[in-house]
Every structure is written in structure tokens, then in C-alpha cells.
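Undergrad: Got a structure for you, questions after.
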Amino acid sequence: MAGGAAGQPGPRRGPSGGDSARDGAGGHERSAGTAHRGCRSGESWLRSAPLRSAPLRRVPGRKRLGRQHRPFRSAGPLRSAPPRGGTAAGAGRSRTCPAMSGEWLRRWRRGGPAERPGGAPAAGPGPPPPALSYRRPKFLPGGGEEAPRGGRAVRGAGPERPLPWGAGYAEVINAEKSEFNEDQAACCQISVRKREPGLEEDEEWLILCSTQFLTSHYWALFDGHGGPDAAIIASNYLHYCIKQKLEEIVGGITEAQPPMHLSGRCVCDSDPQFVEEKHIHAADLVVGALENAFQECDEVIGQEMEATNQTGGCTALAALYFQGKLYVANAGDSRAILVLKDNIVPMSSEFTPESERQRIQHLAFLFPKLLDGEFTRFEFPRRLKGDDVGQKVLYRDYFMEGWGYKTVEKADLKYPLVHGHGKQARLLGTLAVSRGLGDHQLKVIDTNIEVKPFLSCIPKVNVFDFALHDIKEDDVLIMATDGLWDVLCNEEVAHVVRSFLAEHRTDPQRFSELAKCLVCRARGKKRGHRWMLDDSHEASYDDISVFVIPLHNREED
């Protein structure tokens, strides 16, 4: 995702790649396909992930950063995740105080020290928390161990650990653009219980068979840049943040019209002198919960990566089925589409510097000091030269969708805030995305200009109401990182989906096989030193991750 402005002499991209990462990518409150009996707290699962005692070696971000990219320096030898079952060295590691347990998240929200069971605060600051170790999603065969890179073998979820709704998943690593597969995935079932007055915060029950609980299903993809760290942290904790935010508003979403006051009683009567209350629907509360969860997860990632001296960021695409509706939240350039019998329904918007030019320019207009005199906020059809000074040229500002003419001043010769077109568009000559999680430490190289103020972690949420549609057996939601969409358009993907499902109606693993088919189609075949599609066009060299989620198999709340 991140990259320098290709072929341009402007500012260069700074090192944004860290690499220490956490174990348990794709972890979740209830592991997909695992029999779940009795109760289990979100905190108890978060404490179960094995820890690393040392961060991974820093490696270059795999996105092509152009000629101006400065190589990273190694910070030590690489250590892979421990094998399943642990090692002698890992057997002695504590499983009760990971860097980000449920208690860690609650303490972080309160802004205070952790408390001992007896109520006394913990004594003094402890050592820096260890980083999560790098591994693949836990629901993959092998428990998340990395597959050999040779031949870019496609990996998929197996029948021994079925995913929610019988969904399919497949992935493939990049063509040696980086040492790691920087994509991550997660899926789980989340149970939400309304907090009762006087209920202690630690009493977070996950009982799947109780009428006191609302159950949702969750799938998510994270595409890292500058290293795998942010994607792994997000894959472990975004679902936890979503659960917390749903619990905060669950009292409102159980009503047809969410009450103005969550206490359930009207604090003051309506006054005819004031405007009538807006009509808010339950779906609006869920959308707000997702937006808040993304923001909180971004803040958690910032604190965690600062504490463990990690860098980097990721995009995030999450799907949540809750109370008969499908919510798809996207921050970045991954994409989700519904492939129905008769049409294709886009369920996400891609956020790039080009698509969010006006928002980014407006921020620079309001806070010009963010550019530190190194960039111009105006957009021009091409880079201006000294000969253009005094001439009238085409330009666009934050309030313009169309184009106008302005007289070029010397300040306009600076590097544009947003420059390039399509996949070559860059923010501050550095990033190819305008929304995502992480990147708190990222600066434009050779400057003190921070990129984070121009990034947004807030997703755009689209809602699909199942009650308004007649869902067919072969209707599916396709979620994929940009490695797929770089070489396949929506129509091509839909054609593959419909043809494959029509030919494999009796195959119980057809959705898993379809995910592999889509990944193989985008990866192409190796011819010499190049990866090519069947039509002889260049295939995707990026990491590719795909979820295929059958809508007809949905499990009701």
C-alpha cells in the first residue's frame, strides 16, 4: 500500500517498516469451528496467545516505493514463531500478562494503572511489553505456521476447522517483494451481553446458548505496509474493540426506535419550541459502534507499537452480521462485493489519496503548518517547472471538483500534497492509501512532517438488509485485499464466482475451493522470472487474501 511517488524527484518515502509482530493473527473470541461449551471471557482468550521475548528483524515494506526509497537497517536476527505445542524456551513464558490483554485494554481506556485482585494498584511500571510474534491466521492448517515461499503455494482453510457460515478463505504470499506476507485475516463469532447496573467490568461472559446474548459473526482482512506489525495487532484486537462498542449500545439496539436516553427513562419532556428529535434507527447505532471501534483500535495500535518500538500501518476491511443485517466497514483500498444471482452490489469504497483529495486539501488549508513549507496543497495536471511561474495553468483546490486556472507563483513549484494517478497516487509522496490503522510514527523522509494527521482511521460502513432481498443459494460476499483487485475487476470476479459455483454444486468445500480459485487467478502462473495471467498480462505480485462468505448459510442471532 505504501509507496513513494514513482518517477518523481520530489520528497522521498521514509522508513515506515517495522516488523516485530504478534502471535495469534486471526485470533478471535471464539475460534472458528471450535466447539464452545460453557463460558469464556474475552480477556481469558486474549491472555492465551504465546509471547515473544524479542522483536523480529526490520525488513523493507513490500510495496514498491520508487527510486527514492531508502533501505531499512537490520535490527537483529529474524526469529520465526515457535512451532505448535511450544518449545522448551517458550514453555516458560508467562501467559498471564501479554502486552495487550483484556485488562490492558480496560486500563488503557481508563488511563490509570492496573489493579490487583484485592483492589490495590500494581506496584510501579513494569518492563516494556513484548511484541506479538509473526504467524499466519490460526484457522489455517498448521495452526498459523508460515508456509514455504517456493512457488507461491496457495493456502486455504481446511474442513477440520470450518469457518463461520461455511465460508472459504485462501491466501498467497507476494512474489518476494518482502520477507513476510503482510496480509492478515480474522473471523469469529462475537456474543454481546447487555451490562446490568452494578455489574463488574470484569464479568464479560460469552455464553452462546443464552437468550440474554446477541450473537454476531465477524470476518476481517488487514493489509499491512511497512511491515506486518500493525496488521497482526489489528487482527487480534479489532473484534475485541467491536464487542466492547456493541455492549455499550446494546440497550439501544434492542428497541425499534433507539431511546434518546440509554437509561430508558425520559429526562425531560419534548418541547414544541424545539425541533423534533431525529429518527435514529438501530442500524445507525451499529454503524457508530463500528466507527468507534476502528478509532479505538487505531489508538491501541499506536500505544502498542510505541511501547514495543514498532512501526508501520495497515488497511482494514471488516464484515459484521448482526440482527439480520450485514455491515461492511472499510478503511483503505481493500474491497468487498456482493455477487448475487442477477447483479453485483459494491459493499465498500476504496480510500486513496486521489479519491480523498478534497478532504486532504481542506485539512492542509485549515492547518497549513502541517506541510512545513515543503508541499503545496494545490493539484495540477503535472509537476510545475520554473518556466511555469507567471503563467495561468489548470489547478484544483479543496472546494473544487472541477478545474480552474490560476497564475503560478513560486510557492506552487513545491511538491504537491496529493500527486499521481490511480495506483501511482501518493499522499505526501509517501503513502498510497488515505485511510487505515497505524502509521503513527511515519514521517516524510528527510523532514519532520508527520503523515498521520492526513490519514483517517474512520471506516465507511455500508449496510445490507437481508429482509429486503431474496437470497439465493449461490449468493456470496467476496472480501479481498488489493492484490486481487489490482488485476481483476468486479465483473471478472463475479463471472468466476458464478461459473465455479454452478459447476461444483455438490462439493461441500466449494466455497473454500472458490477462494483458492480466485487467488490462483490473480496470482497467475510463473513464466521465467515473471508471473503472468492467462491473457498474458502481468499478474499480481502482491500478497493476496480472499474470503468467500455464502449468504444463504447464515446463522441467525
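Labels for the C-alpha cells follow display order: chains A, B, ..., residues from 1 in each chain, ligands from 1.
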Run DSSP on the backbone and give me the residues of segment 505-543 of chain A it puts in strand (DSSP E), as a list in words.
TA: Lys525, Lys526, Arg527, Arg530, Trp531 and Met532 of chain A
Undergrad: Take the selection from the previous step and output its residues with C-alpha atoms, as a PDB file, in the first residue's frame.
TA:
```pdb
ATOM      1  CA  LYS A 525       1.469 -18.638 -13.479  1.00  0.00           C
ATOM      2  CA  LYS A 526       5.200 -18.185 -13.398  1.00  0.00           C
ATOM      3  CA  ARG A 527       6.828 -17.817 -16.788  1.00  0.00           C
ATOM      4  CA  ARG A 530       7.560 -13.195 -14.198  1.00  0.00           C
ATOM      5  CA  TRP A 531       4.048 -14.008 -13.020  1.00  0.00           C
ATOM      6  CA  MET A 532       1.529 -13.809 -15.859  1.00  0.00           C
TER       7      MET A 532
END
```
Undergrad: What is the atom CA of Ala231 of chain A to atom CA of Ala170 of chain A distance in Å?
TA: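 So the answer is 17.0 Å.
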Undergrad: Looking at only C-alpha atoms, which of A:Phe399, A:Leu221, A:Val339, A:Ala167 is the one that sits closest to Lys472 of chain A?
TA: A:Val339
Undergrad: Excluding segment 474-486 of chain A and any residue of its chain fewer than 5 positions from it, enumerate the residues within 6 Å of it, using only C-alpha atoms, and give them as a short mmCIF file (atom, residue, chain, number, x, y, z; two decimals) with N, CA and C atoms, in the first residue's frame.
TA:
```
data_model
loop_
_atom_site.label_atom_id
_atom_site.label_comp_id
_atom_site.auth_asym_id
_atom_site.auth_seq_id
_atom_site.Cartn_x
_atom_site.Cartn_y
_atom_site.Cartn_z
N SER A 334 -8.74 -2.17 0.26
CA SER A 334 -9.32 -3.50 0.06
C SER A 334 -10.76 -3.32 -0.40
N ARG A 335 -11.39 -4.40 -0.81
CA ARG A 335 -12.73 -4.25 -1.40
C ARG A 335 -13.61 -5.44 -1.07
N ALA A 336 -14.92 -5.17 -0.97
CA ALA A 336 -15.92 -6.22 -0.76
C ALA A 336 -17.07 -6.00 -1.74
N ILE A 337 -17.52 -7.08 -2.36
CA ILE A 337 -18.67 -7.01 -3.25
C ILE A 337 -19.61 -8.17 -2.95
N LEU A 338 -20.90 -7.93 -3.13
CA LEU A 338 -21.89 -9.00 -3.08
C LEU A 338 -22.13 -9.49 -4.50
N VAL A 339 -21.91 -10.77 -4.72
CA VAL A 339 -22.20 -11.37 -6.02
C VAL A 339 -23.53 -12.10 -5.88
N LEU A 340 -24.58 -11.48 -6.37
CA LEU A 340 -25.92 -12.06 -6.32
C LEU A 340 -26.25 -12.69 -7.67
N ALA A 522 -5.67 -14.54 -9.75
CA ALA A 522 -4.95 -13.27 -9.64
C ALA A 522 -3.44 -13.46 -9.56
N SER A 540 -0.61 -10.44 -10.36
CA SER A 540 -0.37 -9.70 -9.12
C SER A 540 0.89 -10.22 -8.43
N ASP A 542 1.60 -8.96 -5.46
CA ASP A 542 1.30 -8.59 -4.09
C ASP A 542 0.81 -9.81 -3.30
N ASP A 543 0.75 -9.66 -1.98
CA ASP A 543 0.03 -10.63 -1.16
C ASP A 543 -1.44 -10.60 -1.57
N ILE A 544 -2.08 -11.75 -1.58
CA ILE A 544 -3.50 -11.84 -1.95
C ILE A 544 -4.22 -12.64 -0.88
N SER A 545 -5.31 -12.08 -0.34
CA SER A 545 -6.13 -12.77 0.65
C SER A 545 -7.59 -12.61 0.27
N VAL A 546 -8.36 -13.70 0.35
CA VAL A 546 -9.75 -13.69 -0.11
C VAL A 546 -10.63 -14.47 0.87
N PHE A 547 -11.75 -13.85 1.26
CA PHE A 547 -12.85 -14.54 1.94
C PHE A 547 -14.00 -14.71 0.94
N VAL A 548 -14.61 -15.90 0.93
CA VAL A 548 -15.86 -16.14 0.19
C VAL A 548 -16.89 -16.54 1.23
N ILE A 549 -17.89 -15.68 1.45
CA ILE A 549 -18.85 -15.89 2.53
C ILE A 549 -20.23 -16.15 1.93
N PRO A 550 -20.75 -17.38 2.03
CA PRO A 550 -22.08 -17.68 1.48
C PRO A 550 -23.18 -17.04 2.32
N LEU A 551 -24.04 -16.30 1.69
CA LEU A 551 -25.10 -15.60 2.41
C LEU A 551 -26.26 -16.52 2.76
#
```
Undergrad: At what distance in Å, to one decimal, does atom CA of Ala425 of chain A lie from atom CA of Glu291 of chain A?
TA: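 If I compute the distance from atom CA of Glu291 of chain A to atom CA of Ala425 of chain A, I get 25.8 Å.
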Undergrad: Nearest to Ala331 of chain A among A:His537, A:Lys460, A:His217, A:Lys245, with distances taken over only C-alpha atoms: which residue is it?
TA: A:Lys460
Undergrad: Find the residues near Gly313 of chain A: any atom within 7 Å, counting only C-alpha atoms, skip ones fewer than 4 places away on the same chain, and give them as a ChimeraX atom specification.
TA: /A:224-226,230-231,437-439
Undergrad: Enumerate, as a ChimeraX atom specification, the complete set of residues in segment 282-492 of chain A that a backbone-based DSSP assignment places in alpha helix (DSSP H).
TA: /A:282-307,357-366,482-485,490-492
Undergrad: What is the distance between atom CA of Glu374 of chain A and atom CA of Ile360 of chain A, in Å to one decimal?
TA: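 According to the coordinates, atom CA of Glu374 of chain A and atom CA of Ile360 of chain A are separated by 15.5 Å.
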Undergrad: Can you work out which one of A:Ala153, A:Leu163, A:Phe180, A:Glu379 has the shortest atom-to-atom distance to His421 of chain A, counting only C-alpha atoms?
TA: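 Closest residue, counting only C-alpha atoms: A:Glu379.
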Undergrad: I'd like the contact shell of segment 401-417 of chain A - 12 Å cut-off, only C-alpha atoms, skipping same-chain residues fewer than 5 positions apart - returned as a PyMOL selection string.
TA: chain A and resi 5+8-12+353-365+368+370-396+425-431+434+444+449+451+454
Undergrad: Closest to Ile471 of chain A among A:Asn236, A:Ala282, A:Lys138, A:Lys341, using only C-alpha atoms?
TA: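 Of the candidates, the smallest distance to Ile471 of chain A is held by A:Lys341.
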